[in-house]
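Shown below: entry.csv, with CSV, N, CA and C atoms.
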```
chain,number,residue,atom,x,y,z
I,20,LEU,N,89.0,80.8,136.9
I,20,LEU,CA,89.3,80.5,135.5
I,20,LEU,C,89.5,81.7,134.7
I,21,VAL,N,89.1,82.9,135.1
I,21,VAL,CA,89.2,84.0,134.2
I,21,VAL,C,90.7,84.4,134.0
I,22,ASN,N,91.4,84.5,135.1
I,22,ASN,CA,92.8,85.0,134.9
I,22,ASN,C,93.7,84.0,134.1
I,23,PRO,N,93.6,82.7,134.3
I,23,PRO,CA,94.3,81.8,133.4
I,23,PRO,C,93.9,81.9,132.0
I,24,LEU,N,92.6,82.1,131.7
I,24,LEU,CA,92.2,82.3,130.3
I,24,LEU,C,92.8,83.6,129.8
I,25,LEU,N,92.8,84.7,130.6
I,25,LEU,CA,93.4,85.9,130.2
I,25,LEU,C,94.9,85.8,129.9
I,26,ALA,N,95.5,84.9,130.7
I,26,ALA,CA,97.0,84.6,130.4
I,26,ALA,C,97.2,84.0,129.0
I,27,GLY,N,96.3,83.1,128.6
I,27,GLY,CA,96.3,82.6,127.3
I,27,GLY,C,96.1,83.6,126.2
I,28,VAL,N,95.2,84.5,126.5
I,28,VAL,CA,94.9,85.6,125.5
I,28,VAL,C,96.1,86.5,125.4
I,29,THR,N,96.8,86.8,126.6
I,29,THR,CA,98.0,87.6,126.6
I,29,THR,C,99.1,87.0,125.8
I,30,VAL,N,99.3,85.7,125.9
I,30,VAL,CA,100.3,85.1,125.0
I,30,VAL,C,100.0,85.2,123.6
I,31,LEU,N,98.7,85.0,123.2
I,31,LEU,CA,98.3,85.1,121.8
I,31,LEU,C,98.5,86.6,121.3
I,32,LEU,N,98.0,87.6,122.1
I,32,LEU,CA,98.2,89.0,121.7
I,32,LEU,C,99.6,89.4,121.6
I,33,THR,N,100.4,88.9,122.5
I,33,THR,CA,101.9,89.2,122.5
I,33,THR,C,102.5,88.7,121.3
I,34,HIS,N,102.2,87.5,120.9
I,34,HIS,CA,102.8,86.9,119.7
I,34,HIS,C,102.4,87.6,118.5
I,35,SER,N,101.1,88.0,118.4
I,35,SER,CA,100.6,88.7,117.2
I,35,SER,C,101.3,90.1,117.1
I,36,LEU,N,101.4,90.8,118.2
I,36,LEU,CA,102.0,92.1,118.2
I,36,LEU,C,103.5,92.1,117.9
I,37,VAL,N,104.2,91.2,118.5
I,37,VAL,CA,105.7,91.1,118.2
I,37,VAL,C,105.9,90.6,116.7
I,38,ALA,N,105.1,89.7,116.3
I,38,ALA,CA,105.2,89.2,114.9
I,38,ALA,C,105.0,90.4,113.9
I,39,LYS,N,104.0,91.2,114.2
I,39,LYS,CA,103.6,92.4,113.4
I,39,LYS,C,104.7,93.4,113.4
I,40,LEU,N,105.3,93.7,114.5
I,40,LEU,CA,106.3,94.8,114.6
I,40,LEU,C,107.7,94.3,114.2
I,41,TYR,N,108.0,93.0,114.5
I,41,TYR,CA,109.4,92.6,114.2
I,41,TYR,C,109.3,91.4,113.3
I,42,ASN,N,109.4,90.1,113.8
I,42,ASN,CA,109.3,89.0,113.0
I,42,ASN,C,108.8,87.8,113.8
I,43,ARG,N,108.4,86.7,113.1
I,43,ARG,CA,107.8,85.5,113.8
I,43,ARG,C,108.8,84.8,114.7
I,44,PRO,N,110.1,84.6,114.3
I,44,PRO,CA,111.0,83.9,115.2
I,44,PRO,C,111.2,84.6,116.5
I,45,LEU,N,111.3,85.9,116.5
I,45,LEU,CA,111.4,86.7,117.7
I,45,LEU,C,110.1,86.6,118.5
I,46,ALA,N,109.0,86.5,117.9
I,46,ALA,CA,107.7,86.4,118.6
I,46,ALA,C,107.6,85.1,119.3
I,47,HIS,N,108.1,84.0,118.7
I,47,HIS,CA,108.2,82.7,119.3
I,47,HIS,C,109.0,82.7,120.6
I,48,ILE,N,110.2,83.4,120.5
I,48,ILE,CA,111.1,83.5,121.6
I,48,ILE,C,110.4,84.3,122.8
I,49,VAL,N,109.8,85.4,122.4
I,49,VAL,CA,109.1,86.3,123.4
I,49,VAL,C,108.0,85.5,124.1
I,50,ILE,N,107.2,84.8,123.4
I,50,ILE,CA,106.1,84.1,124.1
I,50,ILE,C,106.6,82.9,124.9
I,51,LEU,N,107.7,82.3,124.5
I,51,LEU,CA,108.3,81.3,125.3
I,51,LEU,C,108.8,81.8,126.6
I,52,LEU,N,109.5,83.0,126.6
I,52,LEU,CA,110.0,83.6,127.8
I,52,LEU,C,108.8,84.1,128.7
I,53,LEU,N,107.8,84.6,128.0
I,53,LEU,CA,106.6,85.0,128.8
I,53,LEU,C,105.9,83.9,129.5
I,54,ALA,N,105.8,82.8,128.8
I,54,ALA,CA,105.1,81.6,129.3
I,54,ALA,C,105.8,81.0,130.5
I,55,VAL,N,107.1,81.1,130.6
I,55,VAL,CA,107.8,80.5,131.7
I,55,VAL,C,108.2,81.6,132.8
I,56,SER,N,107.8,82.8,132.6
I,56,SER,CA,108.1,83.8,133.6
I,56,SER,C,107.3,83.6,134.9
I,57,PRO,N,108.0,83.5,136.0
I,57,PRO,CA,107.4,83.3,137.3
I,57,PRO,C,106.3,84.4,137.7
I,58,TRP,N,106.7,85.6,137.4
I,58,TRP,CA,105.8,86.7,137.7
I,58,TRP,C,104.5,86.6,136.9
I,59,PHE,N,104.6,86.3,135.6
I,59,PHE,CA,103.4,86.1,134.7
I,59,PHE,C,102.6,84.9,135.2
I,60,LEU,N,103.2,83.8,135.6
I,60,LEU,CA,102.5,82.7,136.0
I,60,LEU,C,101.8,83.0,137.4
I,61,PHE,N,102.5,83.6,138.3
I,61,PHE,CA,101.9,84.0,139.6
I,61,PHE,C,100.7,84.9,139.4
I,62,MET,N,100.8,86.0,138.6
I,62,MET,CA,99.7,86.9,138.4
I,62,MET,C,98.5,86.2,137.7
I,63,SER,N,98.8,85.3,136.8
I,63,SER,CA,97.8,84.6,136.1
I,63,SER,C,97.0,83.6,137.0
I,64,ALA,N,97.6,83.2,138.1
I,64,ALA,CA,97.0,82.3,139.0
I,64,ALA,C,96.3,83.1,140.2
I,65,SER,N,96.4,84.4,140.3
I,65,SER,CA,95.9,85.1,141.4
I,65,SER,C,94.5,85.7,141.0
I,66,PHE,N,93.9,86.4,142.0
I,66,PHE,CA,92.6,87.1,141.7
I,66,PHE,C,92.8,88.6,141.5
I,67,MET,N,94.0,89.0,141.1
I,67,MET,CA,94.2,90.4,140.9
I,67,MET,C,93.8,90.8,139.5
I,68,SER,N,93.8,92.1,139.2
I,68,SER,CA,93.4,92.6,137.9
I,68,SER,C,94.5,92.8,136.9
I,69,HIS,N,95.7,92.4,137.3
I,69,HIS,CA,96.8,92.6,136.4
I,69,HIS,C,96.7,91.8,135.0
I,70,PRO,N,96.2,90.6,135.0
I,70,PRO,CA,96.0,90.0,133.7
I,70,PRO,C,95.1,90.7,132.7
I,71,ALA,N,94.0,91.2,133.3
I,71,ALA,CA,93.0,92.0,132.5
I,71,ALA,C,93.6,93.2,132.0
I,72,THR,N,94.4,93.9,132.8
I,72,THR,CA,95.1,95.1,132.4
I,72,THR,C,96.1,94.9,131.2
I,73,VAL,N,96.8,93.8,131.3
I,73,VAL,CA,97.7,93.4,130.2
I,73,VAL,C,97.0,93.1,128.9
I,74,VAL,N,95.9,92.4,129.0
I,74,VAL,CA,95.1,92.1,127.8
I,74,VAL,C,94.5,93.4,127.2
I,75,TRP,N,94.0,94.3,128.0
I,75,TRP,CA,93.4,95.5,127.4
I,75,TRP,C,94.5,96.4,126.8
I,76,GLY,N,95.6,96.5,127.5
I,76,GLY,CA,96.7,97.3,127.0
I,76,GLY,C,97.3,96.7,125.7
I,77,LEU,N,97.5,95.4,125.6
I,77,LEU,CA,98.0,94.8,124.4
I,77,LEU,C,97.0,94.9,123.3
I,78,GLY,N,95.7,94.7,123.7
I,78,GLY,CA,94.7,94.8,122.6
I,78,GLY,C,94.6,96.2,122.0
I,79,ALA,N,94.8,97.2,122.9
I,79,ALA,CA,94.8,98.6,122.3
I,79,ALA,C,96.0,98.8,121.4
I,80,LEU,N,97.2,98.4,121.9
I,80,LEU,CA,98.4,98.6,121.1
I,80,LEU,C,98.3,97.8,119.8
I,81,LEU,N,97.9,96.6,119.8
I,81,LEU,CA,97.7,95.8,118.6
I,81,LEU,C,96.7,96.4,117.6
I,82,ALA,N,95.6,96.9,118.1
I,82,ALA,CA,94.6,97.6,117.3
I,82,ALA,C,95.2,98.9,116.7
I,83,VAL,N,96.0,99.6,117.4
I,83,VAL,CA,96.6,100.8,116.8
I,83,VAL,C,97.5,100.5,115.7
I,84,VAL,N,98.3,99.4,115.9
I,84,VAL,CA,99.2,99.0,114.9
I,84,VAL,C,98.5,98.5,113.6
I,85,LYS,N,97.4,97.8,113.8
I,85,LYS,CA,96.6,97.3,112.7
I,85,LYS,C,95.9,98.5,112.0
I,86,ALA,N,95.5,99.5,112.8
I,86,ALA,CA,94.9,100.7,112.2
I,86,ALA,C,95.9,101.5,111.4
I,87,GLN,N,97.1,101.6,111.9
I,87,GLN,CA,98.2,102.3,111.1
I,87,GLN,C,98.5,101.5,109.8
I,88,ASP,N,98.5,100.2,109.9
I,88,ASP,CA,98.9,99.4,108.7
I,88,ASP,C,97.8,99.4,107.7
I,89,SER,N,96.5,99.2,108.1
I,89,SER,CA,95.4,99.1,107.2
I,89,SER,C,94.7,100.4,106.9
I,90,GLY,N,94.7,101.3,107.8
I,90,GLY,CA,93.9,102.6,107.6
I,90,GLY,C,92.5,102.4,107.8
I,91,ARG,N,92.0,101.3,108.4
I,91,ARG,CA,90.6,101.1,108.6
I,91,ARG,C,90.2,101.7,110.0
I,92,TRP,N,89.1,102.3,110.0
I,92,TRP,CA,88.6,103.0,111.2
I,92,TRP,C,88.2,102.0,112.3
I,93,VAL,N,87.8,100.8,111.9
I,93,VAL,CA,87.3,99.8,112.9
I,93,VAL,C,88.4,99.5,113.9
I,94,TRP,N,89.7,99.4,113.5
I,94,TRP,CA,90.7,99.1,114.4
I,94,TRP,C,90.9,100.3,115.4
I,95,GLY,N,90.7,101.5,114.9
I,95,GLY,CA,90.7,102.6,115.8
I,95,GLY,C,89.7,102.5,116.9
I,96,LEU,N,88.5,102.1,116.5
I,96,LEU,CA,87.4,101.9,117.5
I,96,LEU,C,87.7,100.8,118.5
I,97,VAL,N,88.3,99.7,118.0
I,97,VAL,CA,88.7,98.6,118.9
I,97,VAL,C,89.8,99.1,119.9
I,98,ALA,N,90.7,99.9,119.4
I,98,ALA,CA,91.8,100.5,120.3
I,98,ALA,C,91.1,101.4,121.3
I,99,GLY,N,90.2,102.2,120.9
I,99,GLY,CA,89.6,103.1,121.9
I,99,GLY,C,88.7,102.3,122.9
I,100,ALA,N,88.0,101.3,122.4
I,100,ALA,CA,87.3,100.5,123.4
I,100,ALA,C,88.2,99.7,124.3
I,101,SER,N,89.3,99.3,123.9
I,101,SER,CA,90.3,98.6,124.7
I,101,SER,C,90.8,99.5,125.8
I,102,LEU,N,91.1,100.8,125.4
I,102,LEU,CA,91.6,101.7,126.4
I,102,LEU,C,90.5,102.1,127.4
I,103,GLY,N,89.2,102.1,126.9
I,103,GLY,CA,88.1,102.4,127.8
I,103,GLY,C,87.9,101.3,128.8
I,104,ALA,N,88.1,100.0,128.3
I,104,ALA,CA,88.0,98.9,129.3
I,104,ALA,C,89.1,98.9,130.2
I,105,LEU,N,90.3,99.3,129.8
I,105,LEU,CA,91.5,99.4,130.7
I,105,LEU,C,91.2,100.5,131.7
I,106,PHE,N,90.5,101.6,131.3
I,106,PHE,CA,90.2,102.7,132.2
I,106,PHE,C,89.2,102.2,133.3
I,107,LEU,N,88.3,101.3,132.9
I,107,LEU,CA,87.4,100.7,133.9
I,107,LEU,C,88.1,99.8,134.8
I,108,THR,N,89.1,99.1,134.4
I,108,THR,CA,89.8,98.2,135.2
I,108,THR,C,90.8,98.8,136.1
I,109,ARG,N,91.7,99.7,135.6
I,109,ARG,CA,92.7,100.4,136.4
I,109,ARG,C,92.9,101.8,135.8
I,110,PRO,N,92.2,102.8,136.3
I,110,PRO,CA,92.2,104.1,135.7
I,110,PRO,C,93.5,104.8,135.5
I,111,HIS,N,94.4,104.7,136.5
I,111,HIS,CA,95.7,105.4,136.4
I,111,HIS,C,96.5,104.8,135.4
I,112,GLU,N,96.6,103.5,135.3
I,112,GLU,CA,97.3,102.8,134.3
I,112,GLU,C,96.8,103.1,132.9
I,113,ALA,N,95.5,103.3,132.8
I,113,ALA,CA,94.9,103.6,131.4
I,113,ALA,C,95.4,105.0,131.0
I,114,VAL,N,95.5,105.9,131.9
I,114,VAL,CA,96.0,107.2,131.5
I,114,VAL,C,97.4,107.1,131.0
I,115,PHE,N,98.2,106.4,131.7
I,115,PHE,CA,99.6,106.3,131.3
I,115,PHE,C,99.8,105.5,130.0
I,116,VAL,N,99.1,104.4,129.9
I,116,VAL,CA,99.2,103.6,128.7
I,116,VAL,C,98.6,104.4,127.5
I,117,GLY,N,97.5,105.1,127.7
I,117,GLY,CA,97.0,105.9,126.6
I,117,GLY,C,97.9,107.0,126.2
I,118,ALA,N,98.6,107.6,127.2
I,118,ALA,CA,99.6,108.7,126.8
I,118,ALA,C,100.8,108.1,126.1
I,119,ALA,N,101.2,106.9,126.5
I,119,ALA,CA,102.3,106.3,125.8
I,119,ALA,C,101.9,105.9,124.4
I,120,ILE,N,100.7,105.3,124.2
I,120,ILE,CA,100.3,104.9,122.9
I,120,ILE,C,100.1,106.2,122.0
I,121,GLY,N,99.6,107.2,122.6
I,121,GLY,CA,99.4,108.5,121.9
I,121,GLY,C,100.8,109.1,121.4
I,122,ALA,N,101.7,109.1,122.3
I,122,ALA,CA,103.1,109.6,122.0
I,122,ALA,C,103.7,108.8,120.9
I,123,TRP,N,103.6,107.4,121.0
I,123,TRP,CA,104.1,106.5,120.0
I,123,TRP,C,103.4,106.7,118.7
I,124,THR,N,102.1,106.9,118.7
I,124,THR,CA,101.4,107.1,117.5
I,124,THR,C,101.7,108.4,116.7
I,125,PHE,N,101.9,109.4,117.5
I,125,PHE,CA,102.0,110.7,116.9
I,125,PHE,C,103.5,111.1,116.5
I,126,PHE,N,104.4,110.5,117.3
I,126,PHE,CA,105.8,110.9,117.1
I,126,PHE,C,106.7,109.8,116.5
I,127,LEU,N,106.6,108.6,116.9
I,127,LEU,CA,107.4,107.5,116.4
I,127,LEU,C,106.9,106.8,115.2
I,128,ARG,N,105.6,106.7,115.1
I,128,ARG,CA,105.0,105.9,114.0
I,128,ARG,C,103.8,106.7,113.5
I,129,PRO,N,103.9,107.8,113.0
I,129,PRO,CA,102.7,108.7,112.7
I,129,PRO,C,102.0,108.3,111.4
I,130,ARG,N,101.4,107.1,111.3
I,130,ARG,CA,100.7,106.7,110.1
I,130,ARG,C,99.2,106.5,110.4
I,131,LEU,N,98.6,107.0,111.4
I,131,LEU,CA,97.2,106.8,111.7
I,131,LEU,C,96.4,107.7,110.9
I,132,SER,N,95.4,107.2,110.2
I,132,SER,CA,94.5,108.0,109.4
I,132,SER,C,93.6,108.8,110.3
I,133,LEU,N,93.0,109.8,109.7
I,133,LEU,CA,92.1,110.7,110.4
I,133,LEU,C,90.8,110.0,110.9
I,134,GLY,N,90.3,109.1,110.1
I,134,GLY,CA,89.1,108.2,110.5
I,134,GLY,C,89.5,107.3,111.6
I,135,SER,N,90.6,106.7,111.6
I,135,SER,CA,91.1,105.8,112.7
I,135,SER,C,91.3,106.6,114.0
I,136,LEU,N,91.8,107.8,113.9
I,136,LEU,CA,92.0,108.6,115.0
I,136,LEU,C,90.7,109.0,115.6
I,137,ALA,N,89.8,109.4,114.8
I,137,ALA,CA,88.4,109.8,115.3
I,137,ALA,C,87.7,108.6,116.0
I,138,ALA,N,87.9,107.4,115.4
I,138,ALA,CA,87.3,106.2,115.9
I,138,ALA,C,87.9,105.9,117.3
I,139,LEU,N,89.2,106.1,117.4
I,139,LEU,CA,89.9,105.8,118.6
I,139,LEU,C,89.4,106.7,119.7
I,140,LEU,N,89.3,108.0,119.4
I,140,LEU,CA,88.8,108.9,120.4
I,140,LEU,C,87.4,108.7,120.8
I,141,ALA,N,86.6,108.2,119.8
I,141,ALA,CA,85.2,107.9,120.1
I,141,ALA,C,85.1,106.6,120.9
I,142,GLY,N,85.9,105.7,120.6
I,142,GLY,CA,85.9,104.4,121.4
I,142,GLY,C,86.3,104.7,122.9
```

For this file, produce the structure as structure tokens.
Amino acid sequence: LVNPLLAGVTVLLTHSLVAKLYNRPLAHIVILLLAVSPWFLFMSASFMSHPATVVWGLGALLAVVKAQDSGRWVWGLVAGASLGALFLTRPHEAVFVGAAIGAWTFFLRPRLSLGSLAALLAG
């Protein structure tokens, strides 16, 4: 039951992230395509750790976006904790996802406050 539940959480996190970065109609289309994707359905029905990895990665990215928009340090802590859980699940992917989020945060969308950055590193 864990991986199908994580698939539902993935759909919700994906909708929230796409709606925050782009718009709601695009978010509806994205989750429709995600929900009918054979690879997504197969991974969500297996015993592998891919669904947990996607949830932790999306959670970290959504928390970073919310930290950039609100400036609250709590979202930085949530992002750091999500990356830490991702590291416990799949260490190599956590390094790559963390590097990608870091590059995106510092170069493409550099609006993270110092408190949020410190909380992310502490998390």

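Restricting the calculation to only N, CA and C atoms, the smallest distance between Thr108 of chain I and any of I:Ile120, I:Ala82, I:Ala71, I:Leu131 is found for I:Ala71.
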
Mind running segment 55-109 of chain I against segment 20-33 of chain I at 6 Å and telling me each contacting residue's nearest atom pair with the distance in Å (one decimal), counting only N, CA and C atoms, chain and number ascending, as CSV?
```
residue,atom,partner,partner_atom,distance
I:Ser63,C,I:Asn22,C,4.4
I:Ala64,N,I:Pro23,N,5.5
I:Pro70,C,I:Leu25,C,5.6
I:Val74,CA,I:Thr29,CA,5.5
```

Requested in this report: Mind listing the helix (DSSP H, G or I) residues of chain I, per DSSP on the backbone, as a PyMOL selection string?
Outcome: chain I and resi 21-40+43-54+57-63+69-89+92-108+110-127+133-141

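Among the candidates I:Ala113, I:Val97, I:Ala137, I:Ala54, the one nearest to Val73 of chain I when counting only C-alpha atoms is I:Ala113.
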
Requested in this report: Tell me, in Å to one decimal, how far atom CA of Val114 of chain I is from atom CA of Leu77 of chain I.
Outcome: 14.4 Å

Query raised in the report: How many Å lie between atom N of Gly134 of chain I and atom C of Val83 of chain I, rounded to one decimal?
Result: 12.5 Å

**Report entry** Shell of 8 Å around Val84 of chain I, only N, CA and C atoms, local chain residues under 6 positions omitted, as an MDAnalysis selection string
**Finding:** chainID I and resid 39 78 90 94:95 98

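When atom C of Leu136 of chain I is paired with atom C of Ala46 of chain I, their separation reads 29.5 Å.
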
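When only C-alpha atoms are used to compute distances to His69 of chain I, the closest of the residues I:Glu112, I:His34, I:Arg91, I:Val55 turns out to be I:Glu112.
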
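Minimum atom-to-atom distance to Leu105 of chain I, evaluated using all atoms listed in the file, belongs to I:Thr72 out of I:Thr124, I:Gln87, I:Thr72, I:Trp92.
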
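Proximity to Val116 of chain I was assessed for I:Leu60, I:Leu133, I:Ala100, I:Gly76 counting all atoms listed in the file; the smallest distance is recorded for I:Gly76.
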
Query raised in the report: Closest to Leu107 of chain I among I:Ser68, I:Ser35, I:Asn42, I:Ser89, using only C-alpha atoms?
Result: I:Ser68
